[in-house]
2 protein chains.
Amino acid sequence: MSLNSNSCSLKDRIIKEGKVLPGNIIKVDGFLNHRVDTTLMEEIAKQFAEIFDISKITAVLTAEASGIPVASICAHKFGVPLIFAKKAKSDNIENGLYKSELFSYTYRKTVTMIVSTEWLKPEDHVLIIDDFMAMGNAVTALIDIVGQAGCTLEGIGVVVEKGFQGGGDKLRARKELNYHALAVIDRADENGIVFREEE
Amino acid sequence: MSLNSNSCSLKDRIIKEGKVLPGNIIKVDGFLNHRVDTTLMEEIAKQFAEIFDISKITAVLTAEASGIPVASICAHKFGVPLIFAKKAKSDNIENGLYKSELFSYTYRKTVTMIVSTEWLKPEDHVLIIDDFMAMGNAVTALIDIVGQAGCTLEGIGVVVEKGFQGGGDKLRARKELNYHALAVIDRADENGIVFREEE
């Protein structure tokens, strides 16, 4: 018996369990990013494996903290290591790091994401995975880090995109980034959640 | 072909790849908590499944951020959800949360760990998993949260314990906690790393 919830699709779960809070905040923390349904994460990994050429990938890259569960299960499924970019703990950042600054809406301040130069190499072929996209600041910082490391970016997979905040569309316009989101929410208000039609 | 490193055991990996820095700091970030070898994480999940009665467990609980990769792969392997306690982003903490304060040596300040009361229920049977134990502050906060939620704690599994810092021994003395570490380091200095004999 699996104690994860039963396996209806991601969009069904968002409709059934997602909560829309004032300010167009969408909470999916009951299955995606606080209590995480690991069976659903495996299905998500399968969906990404249909979109991206997994045979080319040597590492999955994500950002701490809420991207880590889904990215870990994807990396495990794809048979590659997971690298997670960390948030710098202080302003006094040591050497030997790729770093990228972003404005964090969660922390309401500028945060520096860091990855050790030891663990991301020019020969790596990287798939970026993240749980949630709004403005796209975290993913943009990860793209920056992949560029600093001189790696090949094979694609960017996001589980839930708030389409109406524009971050996804900016990345979609840059075809070379190979950006895909599994569920794009185009409206979220007191009338419910509306998904964008499939591309 | 797996792009994770080949599967020698955890202790071999610590000896081969672990770095001892001044102040008895042990770095195992090339396979455990920055670039994470997901194949090794699956082996670790198998080891925990031999130690704990997985059939009783309804959720795995860990603390952000570095506990999340190993705990996610364990939860997936055990067919249960993963819950990760978050670090509170500000002093202004909303309602509906279990909270526990701890002193973080990484952040050099007091940090509040939080779990939404929605996602941890009295009927849950929880296995706490963490990557690293030094003083044991993070795990102690997780035990506190499990107690607040009125859950049953089925056990605590830690991957690497710095035995000489005493956190593990304090938990080991409380038999009811069912605490186990896969690798207990009793000495780490310029002469290398020495493991504690198996219990």
# chains A, B, ... in the order shown; residues from 1 in each chain; ligands from 1
>>> select_by_dssp(residues="segment 12-161 of chain B", states="helix (DSSP H, G or I)", output="ChimeraX atom specification")
/B:12-17,38-51,54-56,68-78,117-119,137-149
>>> write_last_selection(atoms="N, CA and C atoms", output="CSV table (one decimal), in the first residue's frame")
chain,number,residue,atom,x,y,z
B,12,ASP,N,33.4,4.0,2.8
B,12,ASP,CA,34.5,4.1,1.8
B,12,ASP,C,34.5,5.5,1.1
B,13,ARG,N,33.3,5.9,0.8
B,13,ARG,CA,33.2,7.2,0.1
B,13,ARG,C,33.6,8.4,1.1
B,14,ILE,N,33.3,8.2,2.4
B,14,ILE,CA,33.7,9.2,3.3
B,14,ILE,C,35.2,9.3,3.4
B,15,ILE,N,35.9,8.1,3.5
B,15,ILE,CA,37.3,8.0,3.6
B,15,ILE,C,38.0,8.6,2.3
B,16,LYS,N,37.4,8.2,1.1
B,16,LYS,CA,38.0,8.6,-0.1
B,16,LYS,C,37.8,10.0,-0.5
B,17,GLU,N,36.6,10.5,-0.2
B,17,GLU,CA,36.2,11.8,-0.7
B,17,GLU,C,35.9,12.9,0.3
B,38,THR,N,22.8,10.1,-6.3
B,38,THR,CA,21.4,9.6,-6.0
B,38,THR,C,21.4,8.1,-5.9
B,39,THR,N,22.4,7.4,-6.5
B,39,THR,CA,22.5,6.0,-6.4
B,39,THR,C,22.9,5.6,-5.0
B,40,LEU,N,23.9,6.3,-4.5
B,40,LEU,CA,24.3,6.1,-3.1
B,40,LEU,C,23.1,6.4,-2.1
B,41,MET,N,22.3,7.4,-2.4
B,41,MET,CA,21.1,7.7,-1.6
B,41,MET,C,20.1,6.5,-1.6
B,42,GLU,N,20.0,5.9,-2.7
B,42,GLU,CA,19.1,4.7,-2.7
B,42,GLU,C,19.7,3.6,-1.9
B,43,GLU,N,21.0,3.4,-1.9
B,43,GLU,CA,21.6,2.3,-1.0
B,43,GLU,C,21.4,2.7,0.4
B,44,ILE,N,21.5,4.0,0.7
B,44,ILE,CA,21.3,4.4,2.1
B,44,ILE,C,19.8,4.2,2.5
B,45,ALA,N,18.9,4.4,1.6
B,45,ALA,CA,17.5,4.1,1.9
B,45,ALA,C,17.3,2.6,2.2
B,46,LYS,N,18.0,1.7,1.4
B,46,LYS,CA,17.9,0.3,1.7
B,46,LYS,C,18.5,0.0,3.1
B,47,GLN,N,19.6,0.6,3.4
B,47,GLN,CA,20.1,0.4,4.8
B,47,GLN,C,19.1,0.8,5.9
B,48,PHE,N,18.5,1.9,5.7
B,48,PHE,CA,17.5,2.4,6.7
B,48,PHE,C,16.3,1.4,6.7
B,49,ALA,N,16.0,0.8,5.6
B,49,ALA,CA,14.9,-0.1,5.5
B,49,ALA,C,15.2,-1.4,6.3
B,50,GLU,N,16.5,-1.7,6.5
B,50,GLU,CA,16.9,-2.9,7.3
B,50,GLU,C,16.9,-2.6,8.8
B,51,ILE,N,17.0,-1.3,9.1
B,51,ILE,CA,17.1,-0.9,10.5
B,51,ILE,C,15.7,-0.6,11.1
B,54,ILE,N,9.7,-0.2,8.2
B,54,ILE,CA,9.2,0.7,7.3
B,54,ILE,C,7.7,0.5,7.1
B,55,SER,N,7.2,-0.7,7.3
B,55,SER,CA,5.7,-0.9,7.2
B,55,SER,C,4.9,-0.1,8.1
B,56,LYS,N,5.5,0.4,9.2
B,56,LYS,CA,4.8,1.2,10.2
B,56,LYS,C,4.7,2.7,9.8
B,68,ILE,N,17.1,17.3,2.7
B,68,ILE,CA,16.0,17.0,1.8
B,68,ILE,C,16.4,15.9,0.7
B,69,PRO,N,17.5,16.0,0.1
B,69,PRO,CA,17.8,15.0,-1.0
B,69,PRO,C,17.7,13.5,-0.5
B,70,VAL,N,18.4,13.2,0.6
B,70,VAL,CA,18.4,11.8,1.1
B,70,VAL,C,17.0,11.5,1.6
B,71,ALA,N,16.4,12.4,2.3
B,71,ALA,CA,15.1,12.1,2.8
B,71,ALA,C,14.0,11.9,1.7
B,72,SER,N,14.1,12.6,0.6
B,72,SER,CA,13.2,12.5,-0.5
B,72,SER,C,13.3,11.1,-1.1
B,73,ILE,N,14.6,10.7,-1.3
B,73,ILE,CA,14.8,9.4,-2.0
B,73,ILE,C,14.4,8.3,-1.0
B,74,CYS,N,14.6,8.4,0.2
B,74,CYS,CA,14.1,7.4,1.2
B,74,CYS,C,12.6,7.4,1.2
B,75,ALA,N,11.9,8.5,1.3
B,75,ALA,CA,10.4,8.6,1.3
B,75,ALA,C,9.9,7.9,0.0
B,76,HIS,N,10.5,8.2,-1.1
B,76,HIS,CA,10.0,7.7,-2.4
B,76,HIS,C,10.2,6.1,-2.4
B,77,LYS,N,11.3,5.7,-1.9
B,77,LYS,CA,11.6,4.2,-1.8
B,77,LYS,C,10.6,3.5,-0.9
B,78,PHE,N,10.2,4.2,0.2
B,78,PHE,CA,9.3,3.6,1.2
B,78,PHE,C,7.9,3.8,0.8
B,117,THR,N,0.6,22.8,10.6
B,117,THR,CA,-0.2,21.9,11.3
B,117,THR,C,-1.1,21.0,10.4
B,118,GLU,N,-1.3,21.6,9.2
B,118,GLU,CA,-2.1,20.9,8.2
B,118,GLU,C,-1.5,19.6,7.7
B,119,TRP,N,-0.1,19.5,7.8
B,119,TRP,CA,0.6,18.5,7.0
B,119,TRP,C,1.2,17.5,7.9
B,137,ASN,N,21.1,19.6,17.1
B,137,ASN,CA,20.1,20.6,17.3
B,137,ASN,C,19.0,20.5,16.3
B,138,ALA,N,19.3,20.2,15.1
B,138,ALA,CA,18.2,20.2,14.1
B,138,ALA,C,17.3,19.0,14.4
B,139,VAL,N,17.9,17.8,14.7
B,139,VAL,CA,17.1,16.6,14.9
B,139,VAL,C,16.2,16.8,16.2
B,140,THR,N,16.8,17.5,17.2
B,140,THR,CA,16.1,17.7,18.5
B,140,THR,C,14.9,18.6,18.2
B,141,ALA,N,15.0,19.6,17.3
B,141,ALA,CA,13.9,20.4,16.9
B,141,ALA,C,12.8,19.6,16.2
B,142,LEU,N,13.2,18.7,15.3
B,142,LEU,CA,12.3,17.8,14.6
B,142,LEU,C,11.5,16.9,15.6
B,143,ILE,N,12.2,16.4,16.6
B,143,ILE,CA,11.6,15.5,17.6
B,143,ILE,C,10.5,16.4,18.4
B,144,ASP,N,10.9,17.6,18.7
B,144,ASP,CA,10.0,18.5,19.4
B,144,ASP,C,8.7,18.7,18.5
B,145,ILE,N,8.9,18.9,17.2
B,145,ILE,CA,7.7,19.2,16.3
B,145,ILE,C,6.9,17.9,16.2
B,146,VAL,N,7.5,16.7,16.2
B,146,VAL,CA,6.7,15.5,16.2
B,146,VAL,C,5.9,15.4,17.4
B,147,GLY,N,6.5,15.8,18.6
B,147,GLY,CA,5.7,15.8,19.8
B,147,GLY,C,4.6,16.7,19.8
B,148,GLN,N,4.8,17.9,19.3
B,148,GLN,CA,3.7,18.9,19.3
B,148,GLN,C,2.5,18.4,18.4
B,149,ALA,N,2.9,17.7,17.4
B,149,ALA,CA,1.8,17.2,16.5
B,149,ALA,C,1.1,16.0,17.0
>>> select_by_dssp(residues="chain A", states="strand (DSSP E)", output="number ranges by chain")
A: 19-21, 25-27, 35-36, 59-63, 82-87, 97-104, 109-116, 125-133, 152-162, 179-189, 192-195
>>> closest_residue(among="A:Ile83, A:Leu21, A:Leu153, A:Ala59", to="chain B", atoms="only C-alpha atoms")
A:Ile83
>>> atom_distance(atom1="atom CA of Ala173 of chain B", atom2="atom CA of Val20 of chain B")
27.6 Å
>>> residues_around(residues="Ser116 of chain A", least_positions_apart="5", cutoff="7 Å", atoms="only C-alpha atoms", output="NGL selection string")
:A and (96-98)
>>> residues_around(residues="segment 125-135 of chain B", least_positions_apart="4", cutoff="7 Å", atoms="only C-alpha atoms", output="list in words")
Lys56, Ile57, Thr58, Ala59, Val60, Leu61, Thr62, Ser66, Gly67, Val70, Ala71, Cys151, Thr152, Leu153, Glu154, Gly155, Ile156, Gly157, Val158, Val159, Val160, Glu161, Lys162, Gln165, Gly166, Gly167 and Gly168 of chain B
>>> write_last_selection(atoms="C-alpha atoms", output="PDB file, in the first residue's frame")
ATOM      1  CA  LYS B  56       4.752   1.244  10.151  1.00  0.00           C
ATOM      2  CA  ILE B  57       5.851   4.551   8.662  1.00  0.00           C
ATOM      3  CA  THR B  58       3.378   7.012   7.110  1.00  0.00           C
ATOM      4  CA  ALA B  59       5.790   9.916   6.492  1.00  0.00           C
ATOM      5  CA  VAL B  60       9.471  10.850   6.448  1.00  0.00           C
ATOM      6  CA  LEU B  61      10.342  14.143   8.139  1.00  0.00           C
ATOM      7  CA  THR B  62      13.527  16.148   7.574  1.00  0.00           C
ATOM      8  CA  SER B  66      20.616  19.526   3.110  1.00  0.00           C
ATOM      9  CA  GLY B  67      18.480  16.754   4.635  1.00  0.00           C
ATOM     10  CA  VAL B  70      18.420  11.829   1.052  1.00  0.00           C
ATOM     11  CA  ALA B  71      15.051  12.077   2.833  1.00  0.00           C
ATOM     12  CA  CYS B 151       2.523  11.809  16.059  1.00  0.00           C
ATOM     13  CA  THR B 152       4.225   8.522  16.778  1.00  0.00           C
ATOM     14  CA  LEU B 153       7.981   8.747  16.289  1.00  0.00           C
ATOM     15  CA  GLU B 154       9.087   5.442  14.757  1.00  0.00           C
ATOM     16  CA  GLY B 155      12.774   6.255  14.634  1.00  0.00           C
ATOM     17  CA  ILE B 156      15.559   8.638  13.672  1.00  0.00           C
ATOM     18  CA  GLY B 157      18.033   7.799  10.921  1.00  0.00           C
ATOM     19  CA  VAL B 158      21.135   9.899  10.314  1.00  0.00           C
ATOM     20  CA  VAL B 159      23.609   9.273   7.496  1.00  0.00           C
ATOM     21  CA  VAL B 160      26.807  10.702   8.995  1.00  0.00           C
ATOM     22  CA  GLU B 161      27.275  11.445  12.698  1.00  0.00           C
ATOM     23  CA  LYS B 162      30.193  13.368  14.153  1.00  0.00           C
ATOM     24  CA  GLN B 165      30.392  16.131  19.266  1.00  0.00           C
ATOM     25  CA  GLY B 166      28.019  14.181  21.491  1.00  0.00           C
ATOM     26  CA  GLY B 167      24.686  14.878  19.777  1.00  0.00           C
ATOM     27  CA  GLY B 168      24.227  11.273  18.655  1.00  0.00           C
TER      28      GLY B 168
END
